[in-house]
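Trainee: Pasting a structure here, questions to come.
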Amino acid sequence: MTASPTTLAQKIVARAAGRVSVAPGEIVTARVDLAMIHDSGGPRRVEPILQDLGVGLFDANKVVLISDHFVPGDTDEGARILELTRQWAAQRKVAFHDGEGICHVVLPERGHLAPGMLVVGGDSHSPTGGAFGAYMFGVGATEMAGVLATGEIWLKVPETILIEWRGRLSDGVTAKDIMLALCGRLGMDGGKYQTVEYAGEAIAALSMQERMTLSNMAAELGGQAGLIAPDEVTAAFLREAGSDPAGWGDWQGLRTDPGAPLMEHHVFAAGDLAPQVAAPHSPANSGPVDDAPTTPVDVAYLGACTGAKYQDLANAARILKGRRVASGVELLVAPASRRDQDRAARDGIMAVLEEAGAKLLPNACGICAGYGSARLGEDVTCISSTARNFKGRMGAASSKVWLGSPLTVAASAVAGRITDPRLMLTEGAGGTA
Amino acid sequence: MSGRVFLFGDDIDTDQLAPGQYMKGGIAALAAHCLEGVRPDFATSVASGDVVVAGRNFGMGSSREQAAEALKHLGVAGVVALSFAGIFYRNAINLGLPVLTAPSLDDLTDGERVTLDLDNGRLVRAGEKPVLPLDPLPDNLKALLADGGLVPHLKKRFAQERQKEQGR
């Protein structure tokens, strides 16, 4: 008997559930390989529940804590939450990355992920782990406390939406543009309990950090996970991060079989895609940047797990090299991790950003999460490399956030209005990245 | 217990349910601002037994469970929607807030009196109006809700496990 064709998601969930195979729609209980929590939904929320339950952690070696939401603790309440987070890390003896950057970026860069893992994260952008072939999804604090107590979680085996990008992206078009286009075309409805899988030549050609942006924003498509089958690019990144391939199992077999059951299969031509922007207040309000109305901006923000990684900063520097931010525009940069910032500094990228007039913010979630002291004021218009532009998320309810790629954010900062970055690439002052 | 329908459209996000700027305060402070961006009088007018009814993708966005907790804190009996965002849906059940999808919302109107009948999976409307059938919940989620959410559910499970061990 030959096994019937299955999806990548089915393969990972079946192993975690201790089953030979699982079918979409089935409800299973799975063992969790890793749990990631941060300062906002983590210790301050889960510890009281663990106390109430009267239990400890299922396995302290399988828990990673990262502080990023209230970093740098520049308010009394933020400082108190960070202190509580640090104390908990010491008491519970878990791996702890304090102020090193955003959890979704730090987790893989420190070698915690491997293909085939089932991982839960206490944050909605946890699908980022899918870029490494891990089935990773976000949960709330109470569910996370349950995971920390038992090491188990229930899952409805997901249907898969396969999204294939054929051909190659043009210069000036990036993963963020792919995602904004997808949000616009497919919508953000998560009610179908699906997972999203990205495939095709254009995806295979992307760096890991670009792939992370795709998996991350599977959350915006309503996907529980956003998977990319692991390949040599994945393996090279994880090896360098210190993850040992000996522990990955048959990672090369982790792919969707031809003929596997798919809920939807979409095919797009990568070469046809233009840079995209999403108008306020939804990522689904997206379209080609050239179709957007002439919109002056007050703030340009390079930040967040989808817009301030090394690759994102390098992309922005291609535009900003030899140019200055327009007068009256504030360019804020919050590099997604300290490692990425250090690498960008070594390569001269940080100097390019600062010479262009960028103001540097800490390695943290920053304005994106809407928790910190830096917030958008009344009626401010912002072009942002973040993942979400919901009303009031980044500040005043009257503020307006447009989403774009780091290239588009940089070009808009220079022009003082929302601008197609390809114009400045062809004018060519770049070359840093 | 009966209550009124509070009717909303599609794509109500977690930043509307639990605005980030009030996250540092307790749940009472946060609940006071629940949905104020789309319906400023919601927190002051909603009462125990009322039902939130919405279109597609209710609760999209963040994993912050305060989005569900705020509704529960305000006494909302449950949320009925055409579809829910996955994390919000799980959070609500884990906190003991009933969330049910409806195949359609028919002619439900804002302010009409209804009773959320969990046992039979339906929304019973006052007067002569037809009952609104809701999609049945999977058994594991029914069990979670019946226990009052994940924490009481786990307490029960751990107590049973301890009893078994002692019985050996």
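Letters A, B, ... mark the chains of the structure tokens in the order given; residue numbers begin at 1 per chain; ligand numbers begin at 1, in order shown.
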Could you work out which residues of chain A fall inside 9 Å of chain B? Count only C-alpha atoms, and format the result as a PyMOL selection string.
Mentor: chain A and resi 27+40-41+49+52-54+77-78+122-125+137-143+145-146+154+188-193+219-220+222-224+369-372+388+390-395+397
Trainee: Please provide as a VMD selection string all residues within 9 Å of A:Phe132, with the sequence filter that same-chain residues fewer than 5 positions apart are discarded (counting only C-alpha atoms).
Mentor: chain A and resid 108 113 to 116 208 211 to 212 227 to 231 234 to 235 238
Trainee: Those residues you just picked out, can you put them in a file as a PDB file, in the first residue's frame with N, CA and C atoms?
Mentor:
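Written out: part-v7.pdb:
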```pdb
ATOM      1  N   PRO A 108      14.757  32.442  15.413  1.00  0.00           N
ATOM      2  CA  PRO A 108      15.549  31.697  14.435  1.00  0.00           C
ATOM      3  C   PRO A 108      17.023  32.090  14.427  1.00  0.00           C
ATOM      4  N   LEU A 113      15.036  27.200  16.175  1.00  0.00           N
ATOM      5  CA  LEU A 113      14.060  26.537  15.302  1.00  0.00           C
ATOM      6  C   LEU A 113      14.709  25.453  14.452  1.00  0.00           C
ATOM      7  N   ALA A 114      13.915  24.485  14.054  1.00  0.00           N
ATOM      8  CA  ALA A 114      14.367  23.458  13.107  1.00  0.00           C
ATOM      9  C   ALA A 114      13.179  23.021  12.265  1.00  0.00           C
ATOM     10  N   PRO A 115      13.453  22.566  11.026  1.00  0.00           N
ATOM     11  CA  PRO A 115      12.358  22.096  10.185  1.00  0.00           C
ATOM     12  C   PRO A 115      11.602  20.934  10.859  1.00  0.00           C
ATOM     13  N   GLY A 116      10.304  20.910  10.686  1.00  0.00           N
ATOM     14  CA  GLY A 116       9.499  19.804  11.204  1.00  0.00           C
ATOM     15  C   GLY A 116       8.989  19.985  12.616  1.00  0.00           C
ATOM     16  N   MET A 208      16.324  34.012   3.413  1.00  0.00           N
ATOM     17  CA  MET A 208      15.512  33.579   4.561  1.00  0.00           C
ATOM     18  C   MET A 208      14.755  34.751   5.171  1.00  0.00           C
ATOM     19  N   ARG A 211      11.782  35.449   3.167  1.00  0.00           N
ATOM     20  CA  ARG A 211      10.792  34.381   3.391  1.00  0.00           C
ATOM     21  C   ARG A 211      10.076  34.571   4.731  1.00  0.00           C
ATOM     22  N   MET A 212      10.823  35.064   5.729  1.00  0.00           N
ATOM     23  CA  MET A 212      10.212  35.287   7.052  1.00  0.00           C
ATOM     24  C   MET A 212       9.070  36.303   6.971  1.00  0.00           C
ATOM     25  N   LEU A 227       3.696  28.326   5.743  1.00  0.00           N
ATOM     26  CA  LEU A 227       4.818  27.397   5.575  1.00  0.00           C
ATOM     27  C   LEU A 227       5.577  27.592   4.267  1.00  0.00           C
ATOM     28  N   ILE A 228       6.875  27.319   4.342  1.00  0.00           N
ATOM     29  CA  ILE A 228       7.709  27.205   3.148  1.00  0.00           C
ATOM     30  C   ILE A 228       8.539  25.932   3.347  1.00  0.00           C
ATOM     31  N   ALA A 229       8.509  25.035   2.372  1.00  0.00           N
ATOM     32  CA  ALA A 229       9.249  23.771   2.510  1.00  0.00           C
ATOM     33  C   ALA A 229      10.744  24.076   2.669  1.00  0.00           C
ATOM     34  N   PRO A 230      11.392  23.445   3.652  1.00  0.00           N
ATOM     35  CA  PRO A 230      12.806  23.743   3.875  1.00  0.00           C
ATOM     36  C   PRO A 230      13.671  23.273   2.705  1.00  0.00           C
ATOM     37  N   ASP A 231      14.694  24.085   2.390  1.00  0.00           N
ATOM     38  CA  ASP A 231      15.628  23.728   1.319  1.00  0.00           C
ATOM     39  C   ASP A 231      17.048  24.062   1.777  1.00  0.00           C
ATOM     40  N   THR A 234      17.393  27.310   3.694  1.00  0.00           N
ATOM     41  CA  THR A 234      16.950  27.176   5.084  1.00  0.00           C
ATOM     42  C   THR A 234      18.055  26.539   5.924  1.00  0.00           C
ATOM     43  N   ALA A 235      18.586  25.433   5.402  1.00  0.00           N
ATOM     44  CA  ALA A 235      19.587  24.674   6.153  1.00  0.00           C
ATOM     45  C   ALA A 235      20.824  25.526   6.424  1.00  0.00           C
ATOM     46  N   LEU A 238      20.094  28.073   9.239  1.00  0.00           N
ATOM     47  CA  LEU A 238      19.964  27.474  10.569  1.00  0.00           C
ATOM     48  C   LEU A 238      21.300  26.933  11.079  1.00  0.00           C
TER      49      LEU A 238
END
```
Trainee: Quick one: residues within 12 Å of A:Met117, only C-alpha atoms, excluding same-chain residues fewer than 4 positions away - as a PyMOL selection string?
Mentor: chain A and resi 8-9+11-17+30-35+62+112-113+129-137+227+230+247-251+254
Trainee: Restricting it to N, CA and C atoms, dump the selection as a tab-separated table (two decimals), in the first residue's frame.
Mentor:
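Wrote result.tsv, looks like this:
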```tsv
chain	number	residue	atom	x	y	z
A	8	LEU	N	2.53	19.40	3.50
A	8	LEU	CA	3.59	19.67	4.47
A	8	LEU	C	3.00	19.82	5.87
A	9	ALA	N	1.90	20.55	5.97
A	9	ALA	CA	1.26	20.77	7.27
A	9	ALA	C	0.82	19.45	7.89
A	11	LYS	N	2.07	16.51	7.42
A	11	LYS	CA	3.23	15.73	7.85
A	11	LYS	C	3.74	16.18	9.22
A	12	ILE	N	3.82	17.50	9.40
A	12	ILE	CA	4.35	18.01	10.67
A	12	ILE	C	3.37	17.72	11.81
A	13	VAL	N	2.08	17.97	11.56
A	13	VAL	CA	1.09	17.78	12.61
A	13	VAL	C	0.97	16.28	12.98
A	14	ALA	N	1.04	15.42	11.97
A	14	ALA	CA	0.94	13.97	12.25
A	14	ALA	C	2.06	13.53	13.19
A	15	ARG	N	3.29	13.94	12.89
A	15	ARG	CA	4.40	13.54	13.75
A	15	ARG	C	4.21	14.06	15.18
A	16	ALA	N	3.81	15.34	15.29
A	16	ALA	CA	3.64	15.93	16.62
A	16	ALA	C	2.50	15.28	17.39
A	17	ALA	N	1.54	14.74	16.66
A	17	ALA	CA	0.39	14.09	17.30
A	17	ALA	C	0.66	12.60	17.53
A	30	ALA	N	-1.50	17.43	20.10
A	30	ALA	CA	-0.11	17.32	19.65
A	30	ALA	C	0.85	17.71	20.77
A	31	ARG	N	2.06	17.11	20.73
A	31	ARG	CA	3.13	17.50	21.65
A	31	ARG	C	3.85	18.70	21.05
A	32	VAL	N	4.15	19.65	21.89
A	32	VAL	CA	4.80	20.88	21.44
A	32	VAL	C	6.32	20.74	21.57
A	33	ASP	N	7.05	21.05	20.48
A	33	ASP	CA	8.52	20.95	20.52
A	33	ASP	C	9.16	22.18	21.16
A	34	LEU	N	8.46	23.30	21.09
A	34	LEU	CA	9.02	24.55	21.62
A	34	LEU	C	7.88	25.53	21.87
A	35	ALA	N	8.02	26.31	22.94
A	35	ALA	CA	7.06	27.38	23.22
A	35	ALA	C	7.83	28.68	23.37
A	62	LYS	N	12.40	23.60	26.71
A	62	LYS	CA	11.62	23.81	25.49
A	62	LYS	C	10.85	25.13	25.53
A	112	HIS	N	17.04	28.44	17.60
A	112	HIS	CA	16.03	27.68	18.36
A	112	HIS	C	15.09	26.88	17.47
A	113	LEU	N	15.04	27.20	16.17
A	113	LEU	CA	14.06	26.54	15.30
A	113	LEU	C	14.71	25.45	14.45
A	129	GLY	N	7.82	31.38	11.98
A	129	GLY	CA	8.60	30.13	12.08
A	129	GLY	C	8.38	29.21	10.90
A	130	GLY	N	7.27	29.40	10.19
A	130	GLY	CA	6.98	28.57	9.02
A	130	GLY	C	7.98	28.73	7.90
A	131	ALA	N	8.71	29.86	7.89
A	131	ALA	CA	9.73	30.08	6.87
A	131	ALA	C	10.82	29.03	6.98
A	132	PHE	N	10.94	28.42	8.16
A	132	PHE	CA	11.98	27.41	8.40
A	132	PHE	C	11.41	26.00	8.34
A	133	GLY	N	10.19	25.87	7.85
A	133	GLY	CA	9.57	24.54	7.77
A	133	GLY	C	9.07	24.04	9.11
A	134	ALA	N	8.84	24.97	10.05
A	134	ALA	CA	8.25	24.59	11.34
A	134	ALA	C	6.77	24.98	11.32
A	135	TYR	N	5.91	24.12	11.88
A	135	TYR	CA	4.50	24.51	12.01
A	135	TYR	C	4.39	25.34	13.27
A	136	MET	N	4.38	26.64	13.10
A	136	MET	CA	4.38	27.55	14.25
A	136	MET	C	3.18	28.46	14.17
A	137	PHE	N	2.49	28.61	15.30
A	137	PHE	CA	1.31	29.48	15.31
A	137	PHE	C	1.17	30.19	16.64
A	227	LEU	N	3.70	28.33	5.74
A	227	LEU	CA	4.82	27.40	5.58
A	227	LEU	C	5.58	27.59	4.27
A	230	PRO	N	11.39	23.44	3.65
A	230	PRO	CA	12.81	23.74	3.87
A	230	PRO	C	13.67	23.27	2.70
A	247	GLY	N	19.64	16.88	14.37
A	247	GLY	CA	18.37	16.78	15.10
A	247	GLY	C	17.15	17.09	14.25
A	248	TRP	N	17.33	17.26	12.97
A	248	TRP	CA	16.20	17.70	12.14
A	248	TRP	C	15.38	16.56	11.55
A	249	GLY	N	15.84	15.33	11.67
A	249	GLY	CA	15.12	14.21	11.06
A	249	GLY	C	15.17	14.29	9.54
A	250	ASP	N	14.15	13.72	8.90
A	250	ASP	CA	14.12	13.70	7.43
A	250	ASP	C	13.58	15.03	6.91
A	251	TRP	N	14.34	16.10	7.07
A	251	TRP	CA	13.81	17.42	6.72
A	251	TRP	C	13.65	17.60	5.22
A	254	LEU	N	10.21	16.96	3.96
A	254	LEU	CA	9.15	17.85	4.44
A	254	LEU	C	8.67	18.76	3.32
```
Trainee: For A:Ser405, list every protein, DNA or RNA residue within 8 Å, evaluated using only C-alpha atoms, and leave out those in the same chain fewer than 4 positions away; present the list as JSON, numbers by chain.
Mentor: {"A": [174, 175, 176, 177, 275, 276, 277, 307, 384, 385, 409]}
Trainee: Could you tell me which of A:Glu197, A:Asp59, A:Glu210, A:Asp39 comes closest to A:Trp88 if we count only C-alpha atoms?
Mentor: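 Between A:Glu197, A:Asp59, A:Glu210, A:Asp39, the residue approaching A:Trp88 most closely is A:Asp39.
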Trainee: I want to know what sits within 9 Å of A:Phe237, based on only C-alpha atoms, with residues of the same chain fewer than 3 positions away left out; could you give that as an NGL selection string?
Mentor: :A and (108-109 or 111 or 208 or 232-234 or 240-243)
Trainee: Just to be explicit: take each residue in the selection above, keep C-alpha atoms, and write the result as a compact mmCIF listing (two decimals), in the first residue's frame.
Mentor:
```txt
# COMPACT_ATOMS: atom_id res chain seq x y z
CA PRO A 108 15.55 31.70 14.44
CA GLU A 109 18.73 33.78 14.53
CA GLY A 111 19.17 28.65 16.44
CA MET A 208 15.51 33.58 4.56
CA GLU A 232 19.38 24.36 1.24
CA VAL A 233 18.82 28.08 1.89
CA THR A 234 16.95 27.18 5.08
CA GLU A 240 24.97 29.33 10.84
CA ALA A 241 22.56 30.13 13.69
CA GLY A 242 23.86 27.09 15.57
CA SER A 243 21.03 24.62 14.99
```
Trainee: Tell me, which residues of chain B carry DSSP alpha helix (DSSP H), written as a VMD selection string?
Mentor: chain B and resid 14 to 17 27 to 31 42 to 45 66 to 73 86 to 94 139 to 147 150 to 167
Trainee: Give me, as JSON, numbers by chain, the residues of stretch 225-274 of chain A that a backbone DSSP run labels strand (DSSP E or B).
Mentor: {"A": [226, 227, 264, 265, 266, 267, 268, 269]}
Trainee: Keeping only N, CA, C and O atoms, take the residues you just selected and write them out as a compact mmCIF listing (two decimals), in the first residue's frame.
Mentor:
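Written file, result_8.txt:
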```txt
# COMPACT_ATOMS: atom_id res chain seq x y z
N GLY A 226 2.13 29.70 8.20
CA GLY A 226 2.55 30.12 6.86
C GLY A 226 3.82 29.38 6.52
O GLY A 226 4.90 29.73 6.99
N LEU A 227 3.70 28.33 5.74
CA LEU A 227 4.82 27.40 5.58
C LEU A 227 5.58 27.59 4.27
O LEU A 227 5.01 27.95 3.24
N GLU A 264 -7.27 25.48 -1.72
CA GLU A 264 -7.16 26.41 -2.85
C GLU A 264 -5.74 26.36 -3.38
O GLU A 264 -4.80 26.06 -2.63
N HIS A 265 -5.56 26.64 -4.65
CA HIS A 265 -4.24 26.72 -5.26
C HIS A 265 -4.23 27.97 -6.14
O HIS A 265 -4.99 28.06 -7.09
N HIS A 266 -3.39 28.92 -5.78
CA HIS A 266 -3.30 30.15 -6.55
C HIS A 266 -1.94 30.24 -7.22
O HIS A 266 -0.93 29.91 -6.61
N VAL A 267 -1.93 30.67 -8.47
CA VAL A 267 -0.67 30.83 -9.19
C VAL A 267 -0.56 32.29 -9.63
O VAL A 267 -1.50 32.85 -10.21
N PHE A 268 0.57 32.91 -9.31
CA PHE A 268 0.81 34.30 -9.70
C PHE A 268 2.11 34.40 -10.49
O PHE A 268 3.02 33.60 -10.30
N ALA A 269 2.18 35.40 -11.35
CA ALA A 269 3.41 35.66 -12.12
C ALA A 269 4.21 36.74 -11.39
O ALA A 269 3.79 37.90 -11.32
```
Trainee: Report the distance between atom CA of A:Ala149 and atom CA of A:Gln51 in Å, rounded to one decimal place.
Mentor: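 Here the two named atoms are 10.3 Å from each other.
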Trainee: Nearest to B:Pro40 among B:Ser104, B:Leu17, B:Asp135, B:Gly55, with distances taken over only C-alpha atoms: which residue is it?
Mentor: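 Counting only C-alpha atoms, the residue closest to B:Pro40 is B:Leu17.
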Trainee: My list of candidates is A:Gly101, A:Pro5, A:Gly184, A:Gly259. Which is closest to A:Pro362 when distances are computed with only C-alpha atoms?
Mentor: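 Between A:Gly101, A:Pro5, A:Gly184, A:Gly259, the residue approaching A:Pro362 most closely is A:Gly101.
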Trainee: Mind giving me the straight-line distance from atom CA of A:Val414 to atom CA of A:Cys368 in Å, one decimal?
Mentor: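 Between atom CA of A:Val414 and atom CA of A:Cys368 the gap is 21.5 Å.
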